[in-house]
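Next comes structure23.tsv, a file with TSV, C-alpha atoms and all ligand atoms.
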```tsv
chain	number	residue	atom	x	y	z
Q	1	MET	CA	-54.51	-55.94	35.84
Q	2	ALA	CA	-53.75	-58.03	32.82
Q	3	GLU	CA	-55.37	-55.14	30.99
Q	4	LEU	CA	-52.58	-52.79	32.14
Q	5	GLU	CA	-49.91	-55.19	30.95
Q	6	GLN	CA	-51.60	-55.43	27.62
Q	7	ILE	CA	-51.77	-51.66	27.27
Q	8	GLU	CA	-48.08	-51.41	28.15
Q	9	ALA	CA	-47.03	-54.11	25.69
Q	10	GLU	CA	-49.06	-52.56	22.90
Q	11	ALA	CA	-47.68	-49.06	23.67
Q	12	ARG	CA	-44.11	-50.35	23.62
Q	13	THR	CA	-44.62	-51.98	20.23
Q	14	ARG	CA	-46.22	-48.94	18.69
Q	15	ILE	CA	-43.56	-46.62	20.12
Q	16	SER	CA	-40.73	-48.79	18.83
Q	17	GLU	CA	-42.34	-48.80	15.40
Q	18	ALA	CA	-42.91	-45.02	15.24
Q	19	GLU	CA	-41.02	-43.61	12.26
Q	20	SER	CA	-40.90	-39.90	13.03
Q	21	LEU	CA	-40.91	-37.39	15.86
Q	22	GLY	CA	-44.41	-36.38	14.68
Q	23	ALA	CA	-45.69	-39.95	15.01
Q	24	LEU	CA	-44.14	-40.19	18.49
Q	25	GLU	CA	-45.93	-37.02	19.52
Q	26	THR	CA	-49.24	-38.44	18.31
Q	27	LEU	CA	-48.66	-41.52	20.48
Q	28	ARG	CA	-47.75	-39.38	23.48
Q	29	VAL	CA	-51.02	-37.49	23.15
Q	30	GLU	CA	-52.95	-40.72	22.69
Q	31	TYR	CA	-51.60	-42.25	25.92
Q	32	LEU	CA	-50.52	-39.43	28.19
Q	33	GLY	CA	-52.37	-36.35	26.88
Q	34	LYS	CA	-55.25	-34.81	28.82
Q	35	GLN	CA	-57.71	-37.08	26.98
Q	36	GLY	CA	-55.23	-39.97	26.78
Q	37	SER	CA	-56.03	-43.54	27.76
Q	38	VAL	CA	-53.46	-43.76	30.58
Q	39	SER	CA	-54.64	-40.41	31.88
Q	40	ALA	CA	-58.19	-41.77	31.91
Q	41	LEU	CA	-57.02	-44.72	34.04
Q	42	LEU	CA	-55.37	-42.32	36.49
Q	43	LYS	CA	-58.67	-40.46	36.80
Q	44	THR	CA	-60.47	-43.65	37.92
Q	45	LEU	CA	-58.32	-43.68	41.10
Q	46	GLY	CA	-60.47	-40.92	42.59
Q	47	LYS	CA	-63.57	-43.10	42.64
Q	48	MET	CA	-61.96	-46.15	44.23
Q	49	SER	CA	-62.11	-47.20	47.83
Q	50	PRO	CA	-58.90	-46.49	49.77
Q	51	GLU	CA	-57.97	-50.19	49.78
Q	52	GLU	CA	-58.50	-50.59	46.08
Q	53	ARG	CA	-56.59	-47.40	45.37
Q	54	GLN	CA	-53.67	-48.55	47.49
Q	55	GLU	CA	-53.44	-51.65	45.37
Q	56	LYS	CA	-53.98	-50.14	41.90
Q	57	ALA	CA	-52.38	-46.70	42.14
Q	58	PRO	CA	-48.76	-47.98	41.97
Q	59	LYS	CA	-49.60	-50.15	38.96
Q	60	ILE	CA	-51.27	-47.38	37.00
Q	61	GLN	CA	-48.47	-44.97	37.91
Q	62	GLY	CA	-46.01	-47.65	36.83
Q	63	LEU	CA	-47.76	-47.90	33.47
Q	64	ARG	CA	-47.62	-44.14	33.02
Q	65	GLN	CA	-43.89	-44.13	33.80
Q	66	ALA	CA	-43.23	-47.07	31.51
Q	67	VAL	CA	-44.96	-45.39	28.56
Q	68	ALA	CA	-43.27	-42.02	29.26
Q	69	GLY	CA	-39.89	-43.74	29.52
Q	70	ALA	CA	-40.38	-45.64	26.26
Q	71	LEU	CA	-41.36	-42.43	24.49
Q	72	ALA	CA	-38.28	-40.60	25.81
Q	73	ASP	CA	-35.92	-43.45	24.86
Q	74	ARG	CA	-37.31	-43.68	21.34
Q	75	LYS	CA	-37.09	-39.89	20.92
Q	76	GLN	CA	-33.47	-39.84	22.04
Q	77	ALA	CA	-32.61	-42.70	19.70
Q	78	MET	CA	-34.27	-40.91	16.78
Q	79	GLU	CA	-32.41	-37.69	17.48
Q	80	ALA	CA	-29.11	-39.51	17.80
Q	81	ALA	CA	-29.74	-41.27	14.48
Q	82	GLU	CA	-30.59	-37.95	12.84
Q	83	LEU	CA	-27.39	-36.36	14.14
Q	84	GLU	CA	-25.41	-39.38	13.02
Q	85	ALA	CA	-26.87	-39.09	9.52
Q	86	ARG	CA	-26.10	-35.37	9.37
Q	87	LEU	CA	-22.53	-35.86	10.53
Q	88	ALA	CA	-22.08	-38.53	7.90
Q	89	ALA	CA	-23.52	-36.29	5.16
Q	90	GLU	CA	-21.71	-33.07	6.07
Q	91	THR	CA	-18.15	-34.00	5.37
Q	92	LEU	CA	-15.46	-31.54	4.48
Q	93	ASP	CA	-12.72	-32.76	2.21
Q	94	LEU	CA	-9.59	-31.16	3.59
Q	95	SER	CA	-7.44	-32.91	1.03
Q	96	LEU	CA	-8.46	-30.56	-1.83
Q	97	PRO	CA	-5.35	-29.03	-3.37
Q	98	GLU	CA	-4.62	-25.32	-2.84
Q	99	PRO	CA	-5.23	-23.12	-5.91
Q	100	ALA	CA	-2.25	-22.81	-8.29
Q	101	GLU	CA	-2.05	-19.10	-7.48
Q	102	PRO	CA	-3.78	-17.10	-4.75
Q	103	LYS	CA	-7.16	-15.85	-5.91
Q	104	GLY	CA	-8.49	-12.49	-4.80
Q	105	SER	CA	-6.91	-9.90	-2.53
Q	106	VAL	CA	-7.84	-7.33	0.07
Q	107	HIS	CA	-8.49	-3.84	-1.35
Q	108	PRO	CA	-6.14	-1.15	-0.02
Q	109	VAL	CA	-9.13	0.75	1.42
Q	110	SER	CA	-10.19	-2.30	3.43
Q	111	GLN	CA	-6.60	-2.90	4.45
Q	112	VAL	CA	-6.15	0.70	5.67
Q	113	MET	CA	-9.49	0.63	7.51
Q	114	ASP	CA	-8.35	-2.56	9.28
Q	115	GLU	CA	-5.05	-0.91	10.14
Q	116	LEU	CA	-6.84	2.15	11.56
Q	117	ALA	CA	-9.25	0.01	13.60
Q	118	GLU	CA	-6.25	-1.87	15.01
Q	119	ILE	CA	-4.36	1.31	15.91
Q	120	PHE	CA	-7.37	2.97	17.53
Q	121	ALA	CA	-8.50	-0.18	19.36
Q	122	ASP	CA	-5.14	-0.05	21.12
Q	123	LEU	CA	-6.04	3.50	22.25
Q	124	GLY	CA	-9.43	2.34	23.56
Q	125	PHE	CA	-11.60	3.42	20.61
Q	126	ALA	CA	-14.60	1.33	19.55
Q	127	VAL	CA	-15.80	1.25	15.94
Q	128	ALA	CA	-19.18	2.97	15.29
Q	129	THR	CA	-21.23	3.12	12.10
Q	130	GLY	CA	-24.12	5.10	10.68
Q	131	PRO	CA	-26.31	5.01	7.55
Q	132	GLU	CA	-25.03	6.21	4.16
Q	133	ILE	CA	-28.54	7.39	3.25
Q	134	GLU	CA	-28.82	10.08	5.87
Q	135	ASP	CA	-31.28	12.60	7.20
Q	136	ASP	CA	-30.48	16.28	6.49
Q	137	TRP	CA	-30.71	16.92	10.23
Q	138	TYR	CA	-27.85	14.55	11.18
Q	139	ASN	CA	-25.64	15.48	8.21
Q	140	PHE	CA	-26.03	19.25	8.62
Q	141	THR	CA	-28.41	20.79	11.16
Q	142	ALA	CA	-27.21	18.90	14.25
Q	143	LEU	CA	-23.64	19.69	13.18
Q	144	ASN	CA	-24.41	23.38	13.56
Q	145	MET	CA	-25.22	23.96	9.90
Q	146	PRO	CA	-28.82	25.22	9.88
Q	147	GLU	CA	-30.72	25.46	6.61
Q	148	SER	CA	-29.17	28.71	5.34
Q	149	HIS	CA	-25.60	27.97	6.48
Q	150	PRO	CA	-23.02	28.79	3.73
Q	151	ALA	CA	-20.91	25.70	4.60
Q	152	ARG	CA	-23.69	23.51	3.21
Q	153	ALA	CA	-22.94	24.83	-0.27
Q	154	MET	CA	-19.37	23.46	-0.06
Q	155	HIS	CA	-20.54	19.87	0.30
Q	156	ASP	CA	-21.86	19.24	-3.26
Q	157	THR	CA	-24.59	17.11	-1.78
Q	158	PHE	CA	-26.54	14.37	-3.56
Q	159	TYR	CA	-30.16	14.82	-2.45
Q	160	PHE	CA	-33.06	12.39	-2.71
Q	161	PRO	CA	-36.54	13.69	-3.56
Q	162	ASP	CA	-37.83	12.19	-0.29
Q	163	GLN	CA	-38.66	14.34	2.71
Q	164	ALA	CA	-36.54	13.48	5.74
Q	165	PRO	CA	-38.28	12.64	9.03
Q	166	LYS	CA	-36.42	15.41	10.85
Q	167	GLY	CA	-36.95	18.06	8.17
Q	168	GLY	CA	-35.32	18.84	4.81
Q	169	ARG	CA	-34.64	16.02	2.37
Q	170	MET	CA	-32.91	12.67	2.60
Q	171	LEU	CA	-29.36	12.72	1.19
Q	172	LEU	CA	-26.20	10.67	0.73
Q	173	ARG	CA	-24.04	11.62	3.69
Q	174	THR	CA	-21.29	14.03	2.67
Q	175	HIS	CA	-19.04	13.12	5.59
Q	176	THR	CA	-18.82	10.67	8.52
Q	177	SER	CA	-19.50	13.45	11.05
Q	178	PRO	CA	-23.23	12.57	11.45
Q	179	VAL	CA	-22.02	9.43	13.25
Q	180	GLN	CA	-20.76	11.76	16.01
Q	181	VAL	CA	-24.32	12.94	16.64
Q	182	ARG	CA	-25.86	9.47	16.32
Q	183	THR	CA	-23.35	7.97	18.77
Q	184	MET	CA	-23.83	10.68	21.41
Q	185	MET	CA	-27.62	10.41	21.09
Q	186	ALA	CA	-27.63	6.62	21.29
Q	187	GLU	CA	-24.95	6.08	23.91
Q	188	GLY	CA	-24.58	9.29	25.90
Q	189	ALA	CA	-21.18	10.11	27.37
Q	190	PRO	CA	-18.32	9.32	27.72
Q	191	VAL	CA	-17.60	8.38	24.10
Q	192	ARG	CA	-14.45	7.12	22.40
Q	193	ILE	CA	-15.12	5.95	18.84
Q	194	ILE	CA	-13.87	5.91	15.30
Q	195	ALA	CA	-16.39	5.75	12.44
Q	196	PRO	CA	-15.04	4.58	9.09
Q	197	GLY	CA	-17.28	4.49	6.03
Q	198	ARG	CA	-18.35	5.65	2.58
Q	199	VAL	CA	-19.27	9.26	1.92
Q	200	TYR	CA	-20.56	10.96	-1.24
Q	201	ARG	CA	-20.06	14.30	-2.97
Q	202	SER	CA	-20.91	15.38	-6.49
Q	203	ASP	CA	-17.29	15.88	-7.51
Q	204	SER	CA	-15.02	14.02	-9.94
Q	205	ASP	CA	-11.41	14.41	-11.16
Q	206	ALA	CA	-8.02	12.69	-10.60
Q	207	THR	CA	-8.14	13.36	-6.86
Q	208	HIS	CA	-11.92	13.32	-6.29
Q	209	THR	CA	-14.48	10.55	-6.83
Q	210	PRO	CA	-18.23	10.91	-6.14
Q	211	MET	CA	-17.88	8.17	-3.51
Q	212	PHE	CA	-14.90	8.06	-1.21
Q	213	HIS	CA	-14.04	6.94	2.33
Q	214	GLN	CA	-13.57	8.86	5.52
Q	215	ILE	CA	-12.80	7.97	9.06
Q	216	GLU	CA	-14.18	10.03	11.90
Q	217	GLY	CA	-12.85	10.13	15.44
Q	218	LEU	CA	-14.77	11.35	18.48
Q	219	VAL	CA	-13.81	11.59	22.14
Q	220	ILE	CA	-16.29	13.00	24.65
Q	221	ASP	CA	-15.45	13.04	28.34
Q	222	ARG	CA	-14.85	15.46	31.21
Q	223	ASP	CA	-11.96	17.96	30.89
Q	224	ILE	CA	-10.85	16.99	27.39
Q	225	HIS	CA	-8.65	19.62	25.77
Q	226	LEU	CA	-6.66	20.35	22.62
Q	227	GLY	CA	-3.58	18.63	24.09
Q	228	HIS	CA	-5.45	15.30	24.06
Q	229	LEU	CA	-6.33	15.87	20.40
Q	230	LYS	CA	-2.74	16.65	19.43
Q	231	TRP	CA	-1.33	13.62	21.27
Q	232	THR	CA	-3.94	11.30	19.80
Q	233	LEU	CA	-3.32	12.46	16.21
Q	234	GLU	CA	0.45	12.29	16.64
Q	235	THR	CA	0.26	8.78	18.12
Q	236	PHE	CA	-2.11	7.63	15.39
Q	237	LEU	CA	-0.06	9.03	12.48
Q	238	LYS	CA	3.22	7.63	13.86
Q	239	ALA	CA	1.65	4.18	14.20
Q	240	PHE	CA	-0.01	4.37	10.78
Q	241	PHE	CA	3.07	5.48	8.82
Q	242	GLU	CA	5.31	3.39	11.09
Q	243	ARG	CA	7.76	6.23	11.58
Q	244	ASP	CA	8.80	8.18	14.68
Q	245	ASP	CA	9.80	11.29	12.76
Q	246	ILE	CA	6.25	12.35	11.85
Q	247	VAL	CA	5.98	16.12	12.43
Q	248	LEU	CA	2.56	17.78	12.65
Q	249	ARG	CA	1.66	21.38	11.98
Q	250	LEU	CA	-1.63	22.54	13.49
Q	251	ARG	CA	-3.27	25.44	11.67
Q	252	PRO	CA	-6.31	27.38	12.89
Q	253	SER	CA	-9.25	26.70	10.58
Q	254	TYR	CA	-13.03	26.68	10.48
Q	255	PHE	CA	-15.63	23.91	10.67
Q	256	PRO	CA	-19.15	24.72	11.90
Q	257	PHE	CA	-19.11	21.66	14.20
Q	258	THR	CA	-15.79	22.31	15.96
Q	259	GLU	CA	-14.60	25.37	17.89
Q	260	PRO	CA	-11.75	26.01	17.79
Q	261	SER	CA	-11.02	24.12	14.56
Q	262	VAL	CA	-7.62	22.85	13.57
Q	263	GLU	CA	-6.33	21.62	10.24
Q	264	VAL	CA	-3.41	19.24	10.52
Q	265	ASP	CA	-0.50	19.07	8.09
Q	266	VAL	CA	2.32	16.51	8.03
Q	267	GLY	CA	5.82	17.18	6.75
Q	268	TYR	CA	6.93	15.16	3.72
Q	269	SER	CA	9.64	14.96	1.10
Q	270	VAL	CA	9.62	13.59	-2.43
Q	271	GLU	CA	11.73	10.49	-3.10
Q	272	LYS	CA	11.81	8.91	-6.56
Q	273	GLY	CA	8.74	10.91	-7.55
Q	274	ARG	CA	6.80	9.68	-4.51
Q	275	ARG	CA	5.63	11.63	-1.49
Q	276	VAL	CA	7.18	10.19	1.65
Q	277	VAL	CA	5.75	11.34	4.96
Q	278	GLY	CA	8.29	12.31	7.65
Q	279	GLY	CA	10.35	15.18	8.98
Q	280	SER	CA	9.38	18.82	9.37
Q	281	GLY	CA	7.76	20.42	6.36
Q	282	ASP	CA	10.10	23.38	6.95
Q	283	ALA	CA	13.27	21.26	6.54
Q	284	PRO	CA	15.21	21.61	3.26
Q	285	GLY	CA	13.56	19.62	0.46
Q	286	HIS	CA	10.41	19.17	2.54
Q	287	ALA	CA	6.89	20.62	2.38
Q	288	TRP	CA	3.62	20.43	4.34
Q	289	MET	CA	0.56	18.49	3.28
Q	290	GLU	CA	-2.88	18.70	4.83
Q	291	VAL	CA	-4.13	15.33	6.11
Q	292	LEU	CA	-6.84	16.00	8.69
Q	293	GLY	CA	-9.65	18.27	9.80
Q	294	SER	CA	-10.27	18.42	13.52
Q	295	GLY	CA	-11.12	20.52	16.54
Q	296	MET	CA	-12.91	20.71	19.86
Q	297	VAL	CA	-16.54	19.65	19.42
Q	298	ASN	CA	-18.72	22.76	19.25
Q	299	ARG	CA	-20.86	23.01	22.40
Q	300	ARG	CA	-23.93	23.50	20.21
Q	301	VAL	CA	-23.33	20.04	18.67
Q	302	ILE	CA	-23.00	18.47	22.13
Q	303	GLU	CA	-26.23	20.21	23.14
Q	304	MET	CA	-28.13	19.12	20.02
Q	305	SER	CA	-26.93	15.56	20.65
Q	306	GLY	CA	-28.66	15.65	24.02
Q	307	LEU	CA	-25.66	16.13	26.35
Q	308	ASP	CA	-24.84	18.97	28.73
Q	309	PRO	CA	-21.89	20.90	27.22
Q	310	ASP	CA	-20.97	22.30	30.65
Q	311	GLU	CA	-20.31	18.76	31.81
Q	312	TRP	CA	-19.02	17.08	28.64
Q	313	GLN	CA	-16.36	18.27	26.21
Q	314	GLY	CA	-14.36	16.58	23.53
Q	315	PHE	CA	-12.54	16.56	20.25
Q	316	ALA	CA	-13.33	15.22	16.81
Q	317	PHE	CA	-11.34	14.63	13.67
Q	318	GLY	CA	-12.00	13.45	10.15
Q	319	THR	CA	-9.73	12.29	7.37
Q	320	GLY	CA	-9.84	10.63	3.97
Q	321	VAL	CA	-9.07	6.92	4.06
Q	322	ASP	CA	-8.33	6.71	0.31
Q	323	ARG	CA	-5.82	9.53	0.57
Q	324	LEU	CA	-4.12	7.90	3.56
Q	325	ALA	CA	-3.88	4.69	1.53
Q	326	MET	CA	-2.38	6.54	-1.46
Q	327	LEU	CA	0.19	8.24	0.74
Q	328	LYS	CA	1.23	5.08	2.52
Q	329	TYR	CA	1.21	2.67	-0.42
Q	330	GLY	CA	2.16	4.99	-3.28
Q	331	MET	CA	-0.80	4.98	-5.69
Q	332	ASP	CA	-1.20	8.22	-7.62
Q	333	ASP	CA	-4.66	8.06	-9.21
Q	334	LEU	CA	-7.64	7.86	-6.89
Q	335	ARG	CA	-10.02	6.82	-9.69
Q	336	ALA	CA	-8.20	3.49	-10.11
Q	337	PHE	CA	-9.36	2.57	-6.58
Q	338	PHE	CA	-12.89	2.12	-7.86
Q	339	ASP	CA	-12.34	0.75	-11.39
Q	340	GLY	CA	-12.35	-2.87	-10.22
Q	341	ASP	CA	-9.41	-3.72	-12.51
Q	342	VAL	CA	-8.02	-7.09	-11.41
Q	343	ARG	CA	-4.51	-6.13	-12.58
Q	344	TRP	CA	-4.54	-3.10	-10.28
Q	345	MET	CA	-5.85	-5.29	-7.44
Q	346	ALA	CA	-3.17	-7.91	-8.09
Q	347	HIS	CA	-0.54	-5.19	-7.79
Q	348	TYR	CA	-1.89	-3.10	-4.92
Q	349	GLY	CA	-4.08	-5.61	-3.06
Q	350	PHE	CA	-3.12	-7.37	0.18
Q	351	SER	CA	-3.10	-10.98	1.21
Q	352	ALA	CA	-6.18	-12.00	3.17
Q	353	PHE	CA	-3.83	-13.91	5.47
Q	354	ASP	CA	-1.94	-10.71	6.36
Q	355	GLN	CA	-4.21	-9.24	9.01
Q	356	PRO	CA	-2.73	-6.02	10.37
Q	357	THR	CA	-1.70	-6.34	14.01
Q	358	LEU	CA	0.29	-4.00	16.20
Q	359	SER	CA	2.80	-6.72	17.07
Q	360	ALA	CA	3.38	-7.94	13.51
Q	361	GLY	CA	3.11	-4.43	12.04
Q	362	VAL	CA	0.14	-2.52	10.64
Q	363	GLY	CA	1.95	-2.11	7.33
Q	364	ALA	CA	1.54	-5.50	5.69
Q	365	SER	CA	3.63	-5.88	2.56
Q	366	ALA	CA	1.66	-5.45	-0.67
Q	401	LIG	N1	-16.30	16.41	8.38
Q	401	LIG	C1	-15.16	17.20	7.96
Q	401	LIG	C2	-15.00	17.05	6.44
Q	401	LIG	O1	-15.60	16.18	5.85
Q	401	LIG	C3	-13.90	16.75	8.65
Q	401	LIG	C4	-13.92	17.01	10.12
Q	401	LIG	C5	-14.34	16.04	11.00
Q	401	LIG	C6	-13.47	18.23	10.65
Q	401	LIG	C7	-14.37	16.25	12.37
Q	401	LIG	C8	-13.48	18.46	12.00
Q	401	LIG	C9	-13.92	17.47	12.85
Q	401	LIG	O2	-14.28	17.80	5.83
```
Could I get this file's structure written as structure tokens?
Ligand code: PHE
Amino acid sequence: MAELEQIEAEARTRISEAESLGALETLRVEYLGKQGSVSALLKTLGKMSPEERQEKAPKIQGLRQAVAGALADRKQAMEAAELEARLAAETLDLSLPEPAEPKGSVHPVSQVMDELAEIFADLGFAVATGPEIEDDWYNFTALNMPESHPARAMHDTFYFPDQAPKGGRMLLRTHTSPVQVRTMMAEGAPVRIIAPGRVYRSDSDATHTPMFHQIEGLVIDRDIHLGHLKWTLETFLKAFFERDDIVLRLRPSYFPFTEPSVEVDVGYSVEKGRRVVGGSGDAPGHAWMEVLGSGMVNRRVIEMSGLDPDEWQGFAFGTGVDRLAMLKYGMDDLRAFFDGDVRWMAHYGFSAFDQPTLSAGVGASA
């Protein structure tokens, strides 16, 4: 039995001298592993007489527990020391002075997208996204624009040479509407989402840039009708422009993916050379301005997205985020949005600490 005590003493010394978790593991295998020395002792119990076993079993078990305990204690101590060292090394000096002037600002497009997400979250809309490099099928075909459809010609599409998996070529999405199809296919119904993001068209002048931003809205449920669309747009525009006197004019229009289709105008007046949204466009000194395309989702789109159009209906809308930003915050040249001029950003950018919230106002001061 003196042999057991000797093994234990030696194990304790070696464990206490182990320098790393790797070395500890080697010791564990040496003593307690399948081929380990303590394990070998345990195996001898089987060949003993009952009397001998009764005497030795508790001692050998005791040795096993002593070695296992020493290993566990040493491991815990090592881990604690490692954590201690990390905590000591990873300090954060909170006494650094603030910069002399604020550096950087939030781009108006990001600001407006945050405002829109906030407004629509309050109405129960989630934010969905889709790829900017899109498959012809999602951008056009599934939106009821088959290969020869004349509406395709109006999109000034940037195509890639690559064949798309679902037919046609890969392209830069020309609108956020393909996210409608992707969301219905991935999530089924009901759906209540907005989809903000970049879109691309080969077009460039003071009011058009080859890349711009849209936000899509989609509601799919049972018994959705045009009244829901009108209320939603009215509620959204009033919250966005922070005015109760927003007046909408709904005009019949055409989009292949909505039927009926409705273009939405808001009334505005011009004050100090700036368009100010509010009031009826028919009032003296006022006019109408188109801000949105929308309509009831075409049943063919619902069908191609894998849902039963006799069960599910809905509405969709799309609008330009850059244009909404210009209208609300008074910039007049769209191209400046994408020049990356720090003077423009200093003037029109927003504080990163001014997160839009419904309670504090979605119109943070520039
Ligand atoms: N996708 C259309 C566009 O880019 C806008 C739109 C979206 C119209 C949803 C109707 C419904 O012009």
Quiz prompt | Option closest in space to Q:Gly278, from Q:Ala70, Q:Ala336, Q:Leu32, Q:Leu237 [counting only C-alpha atoms] | solution = Q:Leu237
Quiz item: Using all atoms listed in the file, which protein or nucleic acid residues are at most 9 Å from ligand LIG 401 (chain Q), as number ranges by chain?
Solution: Q: 155, 174-178, 180, 199, 214-218, 254-258, 261-263, 292-297, 315-320
Practice problem: Record the distance separating atom CA of Q:Leu172 and atom CA of Q:Ile133, expressed in Å with one decimal. | Solution: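 Between these atoms lies a distance of 4.8 Å.
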Practice problem: Find the residues around Q:Gln313 up to 6 Å (only C-alpha atoms counted), leave out those fewer than 3 positions away in its own chain, and share them as JSON, numbers by chain. | Solution: {"Q": [220, 221, 222, 224]}
Kindly export the residues of the current selection with C-alpha atoms, as an mmCIF file, in the frame of the given file.
```
data_model
loop_
_atom_site.group_PDB
_atom_site.id
_atom_site.type_symbol
_atom_site.label_atom_id
_atom_site.label_comp_id
_atom_site.auth_asym_id
_atom_site.auth_seq_id
_atom_site.Cartn_x
_atom_site.Cartn_y
_atom_site.Cartn_z
ATOM 1 C CA ILE Q 220 -16.290 13.000 24.650
ATOM 2 C CA ASP Q 221 -15.450 13.040 28.340
ATOM 3 C CA ARG Q 222 -14.850 15.460 31.210
ATOM 4 C CA ILE Q 224 -10.850 16.990 27.390
#
```
Tell me which protein, DNA and RNA residues are within 12 Å of Q:Glu147, counting only C-alpha atoms, leaving out same-chain ones fewer than 4 positions away, and put them as a compact mmCIF listing (two decimals) with C-alpha atoms, in the coordinates of the input.
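The new file around26.txt reads:
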```
# COMPACT_ATOMS: atom_id res chain seq x y z
CA ASP Q 136 -30.48 16.28 6.49
CA TRP Q 137 -30.71 16.92 10.23
CA ASN Q 139 -25.64 15.48 8.21
CA PHE Q 140 -26.03 19.25 8.62
CA THR Q 141 -28.41 20.79 11.16
CA ALA Q 142 -27.21 18.90 14.25
CA LEU Q 143 -23.64 19.69 13.18
CA ALA Q 151 -20.91 25.70 4.60
CA ARG Q 152 -23.69 23.51 3.21
CA ALA Q 153 -22.94 24.83 -0.27
CA GLY Q 167 -36.95 18.06 8.17
CA GLY Q 168 -35.32 18.84 4.81
CA ARG Q 169 -34.64 16.02 2.37
```
Self-check item: Residue neighbourhood Q:Phe158, 9 Å, all atoms listed in the file, exclusion window fewer than 4 positions, as a list in words
Solution: Leu171, Leu172, Arg173, Thr174, Tyr200, Arg201 and Ser202 of chain Q
Residues as selected, C-alpha atoms, written as a compact mmCIF listing (two decimals), in the frame of the given file, can you do that?
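Final output, saved to again.txt:
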```
# COMPACT_ATOMS: atom_id res chain seq x y z
CA LEU Q 171 -29.36 12.72 1.19
CA LEU Q 172 -26.20 10.67 0.73
CA ARG Q 173 -24.04 11.62 3.69
CA THR Q 174 -21.29 14.03 2.67
CA TYR Q 200 -20.56 10.96 -1.24
CA ARG Q 201 -20.06 14.30 -2.97
CA SER Q 202 -20.91 15.38 -6.49
```
Quiz item: Hey, which of Q:Lys75, Q:Arg192, Q:His107, Q:Arg343 ends up closest to Q:Val127? Count all atoms listed in the file.
Solution: Q:Arg192
Considering all atoms listed in the file, return as a compact mmCIF listing (two decimals) with C-alpha atoms, keeping the file's coordinate frame whatever protein or nucleic-acid residues lie within 7 Å of Q:Glu115, sequence-local ones (same chain, fewer than 3 positions apart) excluded.
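Once everything was written out, this is part_18.txt:
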```txt
# COMPACT_ATOMS: atom_id res chain seq x y z
CA GLN Q 111 -6.60 -2.90 4.45
CA VAL Q 112 -6.15 0.70 5.67
CA GLU Q 118 -6.25 -1.87 15.01
CA ILE Q 119 -4.36 1.31 15.91
CA PRO Q 356 -2.73 -6.02 10.37
CA VAL Q 362 0.14 -2.52 10.64
```
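For the set Q:Gly46, Q:Gly267, Q:Gly363, Q:Pro102, the residue with the smallest atom-to-atom gap to Q:Phe241 is Q:Gly363, counting only C-alpha atoms.
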Self-check item: Residue nearest Q:Leu71 - candidates Q:Gln35, Q:Ser16, Q:Gln355, Q:Ser204, atoms counted: all atoms listed in the file
Solution: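 Result for the nearest residue to Q:Leu71: Q:Ser16.
Nearest residue to Q:Asp282, choosing from Q:Asp341, Q:Val247, Q:Glu5, Q:Ser253 and counting all atoms listed in the file: Q:Val247.
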Quiz item: So which one's closest to Q:Ala57, Q:Tyr31, Q:Leu42, Q:Ala11, Q:Ile193? Using only C-alpha atoms, please.
Solution: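 Of the candidates, the smallest distance to Q:Ala57 is held by Q:Leu42.
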Quiz item: Between atom CA of Q:Ala126 and atom CA of Q:Pro196, what is the spacing in Å?
Solution: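 The value is 11.0 Å.
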Practice problem: Name the residues within 6 Å of (-8.3, 8.9, -8.2), counting all atoms listed in the file in the file's coordinates, and put them as an MDAnalysis selection string. | Solution: chainID Q and resid 206:207 333:336
List every protein, DNA or RNA residue that has an atom no more than 10 Å from (6.0, 10.4, 8.9) in the file's coordinate frame, counting only C-alpha atoms, and report them as a CSV table (one decimal) with C-alpha atoms, keeping the file's coordinate frame.
```
chain,number,residue,atom,x,y,z
Q,234,GLU,CA,0.4,12.3,16.6
Q,237,LEU,CA,-0.1,9.0,12.5
Q,238,LYS,CA,3.2,7.6,13.9
Q,239,ALA,CA,1.6,4.2,14.2
Q,240,PHE,CA,0.0,4.4,10.8
Q,241,PHE,CA,3.1,5.5,8.8
Q,242,GLU,CA,5.3,3.4,11.1
Q,243,ARG,CA,7.8,6.2,11.6
Q,244,ASP,CA,8.8,8.2,14.7
Q,245,ASP,CA,9.8,11.3,12.8
Q,246,ILE,CA,6.2,12.4,11.8
Q,247,VAL,CA,6.0,16.1,12.4
Q,248,LEU,CA,2.6,17.8,12.6
Q,266,VAL,CA,2.3,16.5,8.0
Q,267,GLY,CA,5.8,17.2,6.8
Q,268,TYR,CA,6.9,15.2,3.7
Q,269,SER,CA,9.6,15.0,1.1
Q,276,VAL,CA,7.2,10.2,1.6
Q,277,VAL,CA,5.8,11.3,5.0
Q,278,GLY,CA,8.3,12.3,7.6
Q,279,GLY,CA,10.4,15.2,9.0
Q,280,SER,CA,9.4,18.8,9.4
Q,328,LYS,CA,1.2,5.1,2.5
```
Quiz item: atom CA of Q:Gly22 and atom CA of Q:Glu79 are how many Å apart?
Solution: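 Calculated distance between atom CA of Q:Gly22 and atom CA of Q:Glu79 is 12.4 Å.
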Quiz item: Can you tell me, as number ranges by chain, what residues are no more than 12 Å from Q:Leu21 when counting only C-alpha atoms, ignoring any on the same chain fewer than 4 positions away?
Solution: Q: 15-17, 25-28, 71-79, 81-82
